[in-house]
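Comments concern the structure below.
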Amino acid sequence: MLTELASDVHDKSAAILFVDDEANVLKALRRLFHNEPYVAYFASSGAEGLEILRQNAVDLIISDMRMPEMSGAEFLTEVFMQCPETIRILLTGYADFQSTIDAVNKGRIYNYCNKPWNDEELKLLVRNALEQKRLREERDRLSGIVHQQNRELKEFNDHLEEKVEHLAFYDQLTGLANRRLLYERIKRAFVFSARNGRMGALLFIDLDNFKTLNNTIGHDMGDLLLQQIAQRLQSCVREGDTIARLSGDDFVVILEELSKQNLEAAAQVETIGNKILNIINQPYQLASHDYHCTASIGIAFFSDHDQTKEELLKHADIAMYQAKTAGRNTLCFFDPQVQASISSRAALETDLRLALAENQFKLYYQPQVYHKGEIIGAEVLIRWNHPQRGLVSPLDFIPLAEETDLILPIGQWVLETACAQIKIWEGNFHTQHLQLAVNVSAKQFHQADFVEHVCQILRRNAINPERLKLELTETLLLDNIDNTILKMKALREIGVRFSMDDFGTGYSSLCYLTQLPLDQLKIDQSFVRNINVKATDAVIVQTIIGMGNNLGMEVIAEGVETEVQRNFLEQNNCSIYQGFLFSKPVPIEQFELLLKQN
């Protein structure tokens, strides 16, 4: 039995919509609720009910389950989509019980009442439903008040934090100036330099291998080191100079009142920089740990207002990375040529991000030829036709794509385009045998869903997987070898072929060669080029061919440019070639002309 939720639940403004295709049922409902304090609407179909809803605010709907054209469950589902706050009740017979339960479980209705109904139970069900709606609305109202109060409290706290931050100009860990005070001191240094005509310098100091310290003996020891570094830095500079902790293990020193002459100022800074390197190099006692530390320092000069503080820091940061590249534990001055190179790289990255969207990439095809001259496939090679720069070399943009992870969408595009071309060729008797080799980057291959990506592309293009060959480098294959083998086997089982690219340039793959499901070894062009130049390279080529043949793998030689090279390879049982002797990489139109001539 239903129990009353509250002693007084009537809501004069509550509106109820009754929907039933039987006139006698609507009449009974009208009579039952005639004296109840509700606004009542009646509809003989779901469509009519929806029309009433569009014109009136309704708190509760009671709908018959079985109605022509639109069932009660369908009608209340539509109500749920349009008016999710409206309470929904089904009138249902025994035959509709399972459908009703399904609707309840899916959240389409609040409750149901069996036909024939008990008048008092139906009234009580309505009162309880409306009371629950009222309680929910009251809860939402109170939640809104609490949310508003929390927002006001947060705004107050944020304002308070801004004040505290404004007052806090010093790093809590080291006691040095923090970033905010550093910026103020840089602005002041600019003014002084402009006034007296003397040079100033900013030293960007980064500790070498600090992350390793944190990861091995703990962040508390890292903090202790930073505190000791701060103390030592203060002993290296003059009283008026500024030392700041920028972030993490990055420190900045501002040197003012240097010489007006560039070379003399550089000598002064170099002396102080070497003093800093030497004192940082001294041993540290971090609790029970003996520790040795080095640093890399980048130096940028300023005078007058010839640059902004952001530019000055960036220049010093660039110089610091030059010092790290030079072997660490050293200092470097900012080189404008380095800045120009970095700016060019940034512009190239911006253009590279637009290249895919603007369809600037093209695939070129370099034939792979059987020893009798028959073209059996091609390696696809990406080319970038930049609207201003023209044809950009892959040597310029592929490393950048790797660094920025743009290689992932680019690699996806190459696979998609290659498979689409295979699909076109499969429709022609003369080209349906062709196989396309696609280079796969390490980042692309080591994606967790790489296998599924390839399978989706194959399914989408509906091609024979044996027509697709993935070229993988030795380094890629040997990185996480167990996972590599699992992925290769998964794709190999559906027919995808694998070639080890640049074979012979590595040194550790031989022990894994029999474990990898490879179909082909590709002799690196550096050995092919030197077949008649270096006897050792000729021996290496012969060894690779013999190894591949003995393991039942195809062997293909890339970089074949002369008949002498081809003859040597053929005499040593290598029968598949790729190189300029046959064709350079060409667009698809020229490649298909080669096919016709072949």
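For the structure tokens, the naming scheme is as follows: chains receive sequential letters (A, B, ...) according to their order of presentation, residues are indexed from 1 within each chain, and ligands are indexed from 1 in presentation order.
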Name the residues in contact with segment 187-200 of chain A at a cut-off of 7 Å, using only C-alpha atoms, excluding same-chain residues fewer than 4 positions from it; report them as a list in words.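 In the requested form, the answer reads Tyr183, Leu255, Glu256, Glu257, Leu258, Ser259, Lys260, Ala265, Phe301, Phe302, Ser303, Asp304 and His305 of chain A.
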With N, CA and C atoms retained, export the selected residues as a short mmCIF file (atom, residue, chain, number, x, y, z; two decimals), in the first residue's frame.
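So the final result, stored in again.cif, reads:
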```
data_model
loop_
_atom_site.label_atom_id
_atom_site.label_comp_id
_atom_site.auth_asym_id
_atom_site.auth_seq_id
_atom_site.Cartn_x
_atom_site.Cartn_y
_atom_site.Cartn_z
N TYR A 183 60.66 40.19 -12.25
CA TYR A 183 60.20 41.06 -13.35
C TYR A 183 60.35 42.53 -12.97
N LEU A 255 72.82 40.91 -13.41
CA LEU A 255 74.05 41.66 -13.15
C LEU A 255 73.92 43.05 -13.77
N GLU A 256 74.13 44.07 -12.94
CA GLU A 256 74.04 45.45 -13.43
C GLU A 256 75.40 46.14 -13.32
N GLU A 257 75.45 47.36 -13.85
CA GLU A 257 76.65 48.20 -13.75
C GLU A 257 77.88 47.53 -14.36
N LEU A 258 77.69 46.82 -15.48
CA LEU A 258 78.82 46.24 -16.19
C LEU A 258 79.46 47.31 -17.08
N SER A 259 80.51 46.94 -17.76
CA SER A 259 81.22 47.89 -18.62
C SER A 259 80.33 48.37 -19.77
N LYS A 260 80.66 49.55 -20.29
CA LYS A 260 79.95 50.05 -21.47
C LYS A 260 80.44 49.37 -22.75
N ALA A 265 82.42 43.80 -20.95
CA ALA A 265 81.26 43.33 -20.20
C ALA A 265 81.15 41.82 -20.26
N PHE A 301 72.63 39.65 -22.79
CA PHE A 301 72.93 41.03 -22.41
C PHE A 301 71.73 41.94 -22.69
N PHE A 302 71.70 43.07 -21.96
CA PHE A 302 70.70 44.10 -22.24
C PHE A 302 71.33 45.46 -22.03
N SER A 303 70.79 46.41 -22.75
CA SER A 303 71.19 47.81 -22.57
C SER A 303 70.06 48.68 -23.07
N ASP A 304 69.83 49.78 -22.38
CA ASP A 304 68.73 50.66 -22.74
C ASP A 304 67.43 49.85 -22.69
N HIS A 305 66.50 50.09 -23.62
CA HIS A 305 65.25 49.34 -23.69
C HIS A 305 65.16 48.63 -25.03
#
```
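The residues of segment 55-142 of chain A that DSSP assigns to strand (DSSP E) on this backbone come out as Leu60, Ile61, Ile62, Ser63, Asp64, Ile87, Arg88, Ile89, Leu90, Leu91, Thr92, Asn111, Tyr112, Cys113 and Asn114 of chain A.
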What would the file look like if the residues just selected were written as a short mmCIF file (atom, residue, chain, number, x, y, z; two decimals), in the first residue's frame with N, CA, C and O atoms?
```
data_model
loop_
_atom_site.label_atom_id
_atom_site.label_comp_id
_atom_site.auth_asym_id
_atom_site.auth_seq_id
_atom_site.Cartn_x
_atom_site.Cartn_y
_atom_site.Cartn_z
N LEU A 60 2.54 17.02 -14.13
CA LEU A 60 2.43 15.56 -14.08
C LEU A 60 1.61 15.07 -15.26
O LEU A 60 0.64 15.72 -15.66
N ILE A 61 2.02 13.95 -15.82
CA ILE A 61 1.29 13.34 -16.93
C ILE A 61 0.93 11.91 -16.56
O ILE A 61 1.79 11.14 -16.08
N ILE A 62 -0.32 11.56 -16.77
CA ILE A 62 -0.78 10.17 -16.61
C ILE A 62 -1.22 9.70 -17.99
O ILE A 62 -2.15 10.25 -18.58
N SER A 63 -0.52 8.68 -18.50
CA SER A 63 -0.78 8.23 -19.87
C SER A 63 -1.07 6.74 -19.90
O SER A 63 -0.44 5.95 -19.18
N ASP A 64 -2.04 6.37 -20.76
CA ASP A 64 -2.31 4.95 -21.00
C ASP A 64 -1.13 4.33 -21.73
O ASP A 64 -0.44 4.99 -22.51
N ILE A 87 6.70 15.01 -14.27
CA ILE A 87 6.53 13.66 -13.71
C ILE A 87 5.68 12.84 -14.67
O ILE A 87 4.67 13.31 -15.21
N ARG A 88 6.08 11.57 -14.88
CA ARG A 88 5.41 10.72 -15.86
C ARG A 88 4.94 9.43 -15.20
O ARG A 88 5.73 8.71 -14.58
N ILE A 89 3.63 9.14 -15.34
CA ILE A 89 3.01 7.92 -14.77
C ILE A 89 2.28 7.19 -15.88
O ILE A 89 1.58 7.80 -16.70
N LEU A 90 2.42 5.85 -15.93
CA LEU A 90 1.75 5.02 -16.92
C LEU A 90 0.55 4.30 -16.30
O LEU A 90 0.62 3.80 -15.18
N LEU A 91 -0.54 4.27 -17.06
CA LEU A 91 -1.66 3.38 -16.76
C LEU A 91 -1.47 2.14 -17.61
O LEU A 91 -1.37 2.24 -18.83
N THR A 92 -1.39 0.99 -16.98
CA THR A 92 -1.04 -0.20 -17.75
C THR A 92 -1.83 -1.41 -17.31
O THR A 92 -2.19 -1.55 -16.13
N ASN A 111 6.48 6.31 -12.22
CA ASN A 111 5.81 5.15 -11.63
C ASN A 111 4.69 4.70 -12.58
O ASN A 111 4.51 5.27 -13.66
N TYR A 112 3.95 3.68 -12.16
CA TYR A 112 2.85 3.16 -12.98
C TYR A 112 1.69 2.77 -12.08
O TYR A 112 1.85 2.59 -10.87
N CYS A 113 0.53 2.66 -12.69
CA CYS A 113 -0.67 2.22 -11.96
C CYS A 113 -1.40 1.21 -12.84
O CYS A 113 -1.62 1.45 -14.04
N ASN A 114 -1.76 0.09 -12.26
CA ASN A 114 -2.43 -0.97 -13.01
C ASN A 114 -3.89 -0.62 -13.29
O ASN A 114 -4.57 0.06 -12.50
#
```
Would you pick out the contacts of segment 41-53 of chain A at 7 Å or less, using only C-alpha atoms, so that residues sharing its chain but fewer than 4 positions from it are not included, and give the list as a ChimeraX atom specification? /A:16-21,57-58,70,75
Segment 179-263 of chain A: which residues are alpha helix (DSSP H) by DSSP, as a ChimeraX atom specification? /A:179-196,210-217,219-234,262-263
Output for the residues just chosen: N, CA and C atoms as a CSV table (one decimal), in the first residue's frame:
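Final output, saved to result_18.csv:
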```csv
chain,number,residue,atom,x,y,z
A,179,ARG,N,59.3,35.1,-9.1
A,179,ARG,CA,59.1,35.6,-10.5
A,179,ARG,C,58.6,37.0,-10.6
A,180,ARG,N,57.7,37.4,-9.7
A,180,ARG,CA,57.1,38.7,-9.7
A,180,ARG,C,58.2,39.8,-9.4
A,181,LEU,N,58.9,39.5,-8.3
A,181,LEU,CA,59.9,40.5,-8.0
A,181,LEU,C,61.0,40.5,-9.0
A,182,LEU,N,61.3,39.4,-9.6
A,182,LEU,CA,62.3,39.3,-10.7
A,182,LEU,C,61.9,40.3,-11.8
A,183,TYR,N,60.7,40.2,-12.3
A,183,TYR,CA,60.2,41.1,-13.3
A,183,TYR,C,60.3,42.5,-13.0
A,184,GLU,N,60.1,42.9,-11.7
A,184,GLU,CA,60.2,44.2,-11.3
A,184,GLU,C,61.7,44.7,-11.3
A,185,ARG,N,62.6,43.8,-10.9
A,185,ARG,CA,64.0,44.1,-10.9
A,185,ARG,C,64.5,44.2,-12.4
A,186,ILE,N,64.0,43.4,-13.3
A,186,ILE,CA,64.4,43.5,-14.7
A,186,ILE,C,64.0,44.9,-15.2
A,187,LYS,N,62.8,45.3,-14.9
A,187,LYS,CA,62.3,46.6,-15.4
A,187,LYS,C,63.2,47.7,-14.8
A,188,ARG,N,63.6,47.6,-13.5
A,188,ARG,CA,64.4,48.6,-12.9
A,188,ARG,C,65.8,48.6,-13.5
A,189,ALA,N,66.3,47.4,-13.8
A,189,ALA,CA,67.6,47.3,-14.4
A,189,ALA,C,67.7,47.9,-15.8
A,190,PHE,N,66.6,47.8,-16.6
A,190,PHE,CA,66.5,48.4,-17.9
A,190,PHE,C,66.6,49.9,-17.7
A,191,VAL,N,65.9,50.5,-16.7
A,191,VAL,CA,65.9,51.9,-16.5
A,191,VAL,C,67.3,52.4,-16.2
A,192,PHE,N,68.0,51.7,-15.3
A,192,PHE,CA,69.3,52.1,-14.8
A,192,PHE,C,70.3,52.0,-16.0
A,193,SER,N,70.2,50.9,-16.8
A,193,SER,CA,71.0,50.8,-17.9
A,193,SER,C,70.9,51.9,-18.9
A,194,ALA,N,69.6,52.3,-19.2
A,194,ALA,CA,69.4,53.4,-20.1
A,194,ALA,C,69.9,54.7,-19.6
A,195,ARG,N,69.9,54.9,-18.2
A,195,ARG,CA,70.3,56.1,-17.6
A,195,ARG,C,71.8,56.3,-17.6
A,196,ASN,N,72.6,55.2,-17.3
A,196,ASN,CA,74.0,55.4,-17.2
A,196,ASN,C,74.8,54.8,-18.4
A,210,PHE,N,68.6,17.4,-12.3
A,210,PHE,CA,67.9,17.6,-11.1
A,210,PHE,C,66.7,16.6,-10.9
A,211,LYS,N,66.1,16.3,-12.0
A,211,LYS,CA,64.9,15.4,-12.0
A,211,LYS,C,65.4,14.0,-11.5
A,212,THR,N,66.6,13.6,-11.8
A,212,THR,CA,67.1,12.3,-11.4
A,212,THR,C,67.2,12.3,-9.9
A,213,LEU,N,67.7,13.4,-9.3
A,213,LEU,CA,67.8,13.5,-7.8
A,213,LEU,C,66.4,13.3,-7.2
A,214,ASN,N,65.4,14.0,-7.7
A,214,ASN,CA,64.1,13.9,-7.1
A,214,ASN,C,63.6,12.5,-7.2
A,215,ASN,N,63.8,11.9,-8.3
A,215,ASN,CA,63.3,10.5,-8.5
A,215,ASN,C,64.0,9.4,-7.7
A,216,THR,N,65.3,9.7,-7.3
A,216,THR,CA,66.1,8.7,-6.7
A,216,THR,C,66.0,8.8,-5.2
A,217,ILE,N,66.4,10.0,-4.6
A,217,ILE,CA,66.4,10.1,-3.2
A,217,ILE,C,65.3,11.0,-2.6
A,219,HIS,N,62.0,14.2,-3.1
A,219,HIS,CA,61.8,15.6,-3.4
A,219,HIS,C,62.2,16.4,-2.1
A,220,ASP,N,62.2,15.8,-1.0
A,220,ASP,CA,62.7,16.6,0.2
A,220,ASP,C,64.2,16.9,0.1
A,221,MET,N,64.9,15.9,-0.4
A,221,MET,CA,66.4,16.1,-0.7
A,221,MET,C,66.6,17.1,-1.8
A,222,GLY,N,65.7,17.1,-2.8
A,222,GLY,CA,65.7,18.1,-3.9
A,222,GLY,C,65.6,19.5,-3.3
A,223,ASP,N,64.6,19.7,-2.4
A,223,ASP,CA,64.4,21.0,-1.8
A,223,ASP,C,65.6,21.4,-1.0
A,224,LEU,N,66.2,20.5,-0.3
A,224,LEU,CA,67.4,20.8,0.5
A,224,LEU,C,68.5,21.3,-0.4
A,225,LEU,N,68.7,20.6,-1.6
A,225,LEU,CA,69.7,21.1,-2.5
A,225,LEU,C,69.4,22.5,-3.0
A,226,LEU,N,68.2,22.8,-3.4
A,226,LEU,CA,67.8,24.1,-3.9
A,226,LEU,C,68.1,25.2,-2.8
A,227,GLN,N,67.9,24.9,-1.6
A,227,GLN,CA,68.2,25.8,-0.5
A,227,GLN,C,69.7,26.1,-0.4
A,228,GLN,N,70.5,25.0,-0.5
A,228,GLN,CA,72.0,25.2,-0.5
A,228,GLN,C,72.5,25.9,-1.7
A,229,ILE,N,71.9,25.6,-2.9
A,229,ILE,CA,72.3,26.4,-4.1
A,229,ILE,C,72.0,27.8,-3.9
A,230,ALA,N,70.9,28.2,-3.4
A,230,ALA,CA,70.5,29.6,-3.2
A,230,ALA,C,71.5,30.3,-2.3
A,231,GLN,N,72.0,29.6,-1.2
A,231,GLN,CA,73.0,30.2,-0.3
A,231,GLN,C,74.3,30.5,-1.1
A,232,ARG,N,74.7,29.5,-1.9
A,232,ARG,CA,76.0,29.6,-2.6
A,232,ARG,C,75.9,30.7,-3.7
A,233,LEU,N,74.8,30.9,-4.3
A,233,LEU,CA,74.6,31.9,-5.3
A,233,LEU,C,74.8,33.3,-4.7
A,234,GLN,N,74.3,33.5,-3.5
A,234,GLN,CA,74.4,34.8,-2.9
A,234,GLN,C,75.8,35.2,-2.6
A,262,ASN,N,81.2,46.1,-25.0
A,262,ASN,CA,80.7,44.7,-25.1
A,262,ASN,C,81.7,43.7,-24.7
A,263,LEU,N,82.9,43.7,-25.2
A,263,LEU,CA,83.8,42.6,-24.9
A,263,LEU,C,84.2,42.6,-23.4
```
Rounded to one decimal in Å, what is the spacing between atom CA of Val560 of chain A and atom CA of Val541 of chain A? 12.5 Å
Which residues are near segment 487-493 of chain A? Cut-off 8 Å, only C-alpha atoms, ignore same chain within fewer than 5 positions. Put them as a ChimeraX atom specification. /A:451,455,498,516-517
Since we have the selection now, will you write its residues out, keeping all heavy atoms, as a compact mmCIF listing (two decimals), in the first residue's frame?
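Dumped to selection_35.txt:
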```
# COMPACT_ATOMS: atom_id res chain seq x y z
N VAL A 451 46.94 -1.15 -33.74
CA VAL A 451 46.41 -2.31 -34.49
C VAL A 451 44.97 -2.06 -34.91
O VAL A 451 44.59 -2.30 -36.06
CB VAL A 451 46.51 -3.59 -33.63
CG1 VAL A 451 45.78 -4.76 -34.31
CG2 VAL A 451 47.96 -3.96 -33.39
N CYS A 455 43.31 -1.84 -38.69
CA CYS A 455 42.17 -2.70 -39.05
C CYS A 455 40.99 -1.88 -39.53
O CYS A 455 40.30 -2.25 -40.49
CB CYS A 455 41.77 -3.56 -37.85
SG CYS A 455 42.97 -4.82 -37.40
N PHE A 498 55.10 -7.21 -43.36
CA PHE A 498 56.05 -6.37 -42.63
C PHE A 498 57.43 -6.44 -43.27
O PHE A 498 57.89 -7.52 -43.67
CB PHE A 498 56.17 -6.80 -41.17
CG PHE A 498 54.97 -6.41 -40.35
CD1 PHE A 498 53.95 -7.31 -40.11
CD2 PHE A 498 54.87 -5.13 -39.82
CE1 PHE A 498 52.85 -6.94 -39.36
CE2 PHE A 498 53.78 -4.76 -39.07
CZ PHE A 498 52.76 -5.67 -38.84
N LEU A 516 60.54 -12.16 -34.82
CA LEU A 516 59.69 -11.15 -35.44
C LEU A 516 59.00 -11.70 -36.67
O LEU A 516 59.67 -12.31 -37.53
CB LEU A 516 60.54 -9.93 -35.83
CG LEU A 516 61.18 -9.17 -34.66
CD1 LEU A 516 62.26 -8.23 -35.17
CD2 LEU A 516 60.12 -8.39 -33.89
N PRO A 517 57.70 -11.52 -36.81
CA PRO A 517 56.98 -12.02 -37.98
C PRO A 517 57.20 -11.14 -39.21
O PRO A 517 56.29 -10.48 -39.71
CB PRO A 517 55.51 -11.98 -37.52
CG PRO A 517 55.46 -10.89 -36.52
CD PRO A 517 56.78 -10.89 -35.82
```
Mind pulling up the distance from atom CA of Ala448 of chain A to atom CA of Gln520 of chain A?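 Those two atoms sit 24.7 Å apart.
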Just give me the gap between atom CA of Glu358 of chain A and atom CA of Pro409 of chain A in Å, one decimal is fine.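 Calculated distance between atom CA of Glu358 of chain A and atom CA of Pro409 of chain A is 13.5 Å.
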Could you make a table, as a Markdown table, of the residues of segment 420-508 of chain A that have an atom within 12 Å of an atom of segment 574-589 of chain A, each with its nearest atom pair and distance in Å to one decimal, counting only C-alpha atoms, in chain and number order?
```
| residue | atom | partner | partner_atom | distance |
| --- | --- | --- | --- | --- |
| A:Gln421 | CA | A:Ile588 | CA | 9.1 |
| A:Ile422 | CA | A:Ile588 | CA | 11.8 |
| A:Ile424 | CA | A:Ile588 | CA | 11.8 |
| A:Trp425 | CA | A:Ile588 | CA | 11.5 |
| A:Ala437 | CA | A:Gln578 | CA | 11.6 |
```
Restricting the output to all heavy atoms, write the selected residues as an mmCIF file, in the first residue's frame.
```
data_model
loop_
_atom_site.group_PDB
_atom_site.id
_atom_site.type_symbol
_atom_site.label_atom_id
_atom_site.label_comp_id
_atom_site.auth_asym_id
_atom_site.auth_seq_id
_atom_site.Cartn_x
_atom_site.Cartn_y
_atom_site.Cartn_z
ATOM 1 N N GLN A 421 44.441 4.131 -52.478
ATOM 2 C CA GLN A 421 45.050 3.866 -53.784
ATOM 3 C C GLN A 421 45.051 2.373 -54.087
ATOM 4 O O GLN A 421 44.796 1.952 -55.228
ATOM 5 C CB GLN A 421 46.486 4.405 -53.804
ATOM 6 C CG GLN A 421 47.162 4.297 -55.159
ATOM 7 C CD GLN A 421 46.406 5.027 -56.250
ATOM 8 O OE1 GLN A 421 46.120 6.215 -56.129
ATOM 9 N NE2 GLN A 421 46.056 4.325 -57.320
ATOM 10 N N ILE A 422 45.323 1.547 -53.076
ATOM 11 C CA ILE A 422 45.259 0.090 -53.273
ATOM 12 C C ILE A 422 43.869 -0.320 -53.731
ATOM 13 O O ILE A 422 43.715 -1.173 -54.625
ATOM 14 C CB ILE A 422 45.647 -0.634 -51.962
ATOM 15 C CG1 ILE A 422 47.135 -0.440 -51.674
ATOM 16 C CG2 ILE A 422 45.332 -2.131 -52.058
ATOM 17 C CD1 ILE A 422 47.567 -0.972 -50.315
ATOM 18 N N ILE A 424 41.753 1.420 -55.461
ATOM 19 C CA ILE A 424 41.592 1.782 -56.878
ATOM 20 C C ILE A 424 42.278 0.750 -57.756
ATOM 21 O O ILE A 424 41.722 0.288 -58.759
ATOM 22 C CB ILE A 424 42.174 3.190 -57.134
ATOM 23 C CG1 ILE A 424 41.341 4.248 -56.383
ATOM 24 C CG2 ILE A 424 42.217 3.505 -58.624
ATOM 25 C CD1 ILE A 424 41.959 5.634 -56.406
ATOM 26 N N TRP A 425 43.481 0.357 -57.386
ATOM 27 C CA TRP A 425 44.232 -0.610 -58.189
ATOM 28 C C TRP A 425 43.580 -1.990 -58.205
ATOM 29 O O TRP A 425 43.693 -2.726 -59.175
ATOM 30 C CB TRP A 425 45.663 -0.726 -57.659
ATOM 31 C CG TRP A 425 46.521 0.435 -58.076
ATOM 32 C CD1 TRP A 425 46.299 1.305 -59.089
ATOM 33 C CD2 TRP A 425 47.751 0.835 -57.467
ATOM 34 N NE1 TRP A 425 47.306 2.234 -59.171
ATOM 35 C CE2 TRP A 425 48.220 1.978 -58.188
ATOM 36 C CE3 TRP A 425 48.508 0.361 -56.412
ATOM 37 C CZ2 TRP A 425 49.399 2.626 -57.870
ATOM 38 C CZ3 TRP A 425 49.700 1.005 -56.083
ATOM 39 C CH2 TRP A 425 50.136 2.128 -56.808
ATOM 40 N N ALA A 437 54.231 -0.167 -49.838
ATOM 41 C CA ALA A 437 54.977 -0.164 -48.584
ATOM 42 C C ALA A 437 54.848 1.210 -47.933
ATOM 43 O O ALA A 437 55.098 2.231 -48.562
ATOM 44 C CB ALA A 437 56.447 -0.481 -48.847
#
```
Would you mind listing what lies within 12 Å of Asp502 of chain A as a ChimeraX atom specification, with only C-alpha atoms counted and same-chain residues fewer than 4 positions away left out? /A:439,471-477,506-507,509,520-528,541,544,555-559
Between A:Ile375, A:Leu352, A:Leu122, A:Leu142, single out the one closest to Ile398 of chain A, counting only C-alpha atoms.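 Among A:Ile375, A:Leu352, A:Leu122, A:Leu142, it is A:Leu352 that comes nearest to Ile398 of chain A.
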Just want the 10 Å neighbourhood of segment 279-282 of chain A, counted on only C-alpha atoms, with same-chain residues fewer than 3 positions away dropped. Output as a CSV table (one decimal) with N, CA and C atoms, in the first residue's frame.
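Output contents, as saved in part-v7.csv:
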```csv
chain,number,residue,atom,x,y,z
A,207,LEU,N,69.9,23.5,-13.2
A,207,LEU,CA,70.7,22.4,-12.6
A,207,LEU,C,70.6,21.2,-13.5
A,228,GLN,N,70.5,25.0,-0.5
A,228,GLN,CA,72.0,25.2,-0.5
A,228,GLN,C,72.5,25.9,-1.7
A,229,ILE,N,71.9,25.6,-2.9
A,229,ILE,CA,72.3,26.4,-4.1
A,229,ILE,C,72.0,27.8,-3.9
A,230,ALA,N,70.9,28.2,-3.4
A,230,ALA,CA,70.5,29.6,-3.2
A,230,ALA,C,71.5,30.3,-2.3
A,232,ARG,N,74.7,29.5,-1.9
A,232,ARG,CA,76.0,29.6,-2.6
A,232,ARG,C,75.9,30.7,-3.7
A,233,LEU,N,74.8,30.9,-4.3
A,233,LEU,CA,74.6,31.9,-5.3
A,233,LEU,C,74.8,33.3,-4.7
A,235,SER,N,76.7,34.2,-2.5
A,235,SER,CA,78.1,34.5,-2.2
A,235,SER,C,78.9,34.8,-3.5
A,236,CYS,N,78.2,34.7,-4.6
A,236,CYS,CA,79.0,34.9,-5.9
A,236,CYS,C,78.7,36.3,-6.5
A,274,ASN,N,81.7,31.6,-14.4
A,274,ASN,CA,82.6,30.5,-14.0
A,274,ASN,C,82.6,30.3,-12.5
A,275,LYS,N,82.6,31.5,-11.8
A,275,LYS,CA,82.6,31.4,-10.3
A,275,LYS,C,81.3,30.7,-9.8
A,276,ILE,N,80.2,30.9,-10.5
A,276,ILE,CA,79.0,30.2,-10.1
A,276,ILE,C,79.1,28.7,-10.4
A,291,TYR,N,76.3,14.4,-2.3
A,291,TYR,CA,75.8,14.6,-3.7
A,291,TYR,C,76.7,15.6,-4.4
A,292,HIS,N,76.8,15.4,-5.7
A,292,HIS,CA,77.6,16.3,-6.6
A,292,HIS,C,76.7,16.8,-7.6
A,293,CYS,N,76.8,18.1,-7.9
A,293,CYS,CA,75.8,18.8,-8.8
A,293,CYS,C,76.6,19.7,-9.8
A,294,THR,N,76.1,19.8,-11.0
A,294,THR,CA,76.6,20.7,-12.0
A,294,THR,C,75.4,21.6,-12.5
A,295,ALA,N,75.7,22.6,-13.3
A,295,ALA,CA,74.7,23.5,-13.8
A,295,ALA,C,75.1,23.9,-15.2
A,329,ASN,N,77.4,21.6,-17.6
A,329,ASN,CA,78.5,22.2,-16.7
A,329,ASN,C,79.3,23.2,-17.4
```
From the list A:Lys154, A:Lys534, A:Arg497, A:Lys443, which residue is nearest Asp479 of chain A when using only C-alpha atoms?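 Going through A:Lys154, A:Lys534, A:Arg497, A:Lys443 one by one, the smallest distance to Asp479 of chain A is for A:Lys443.
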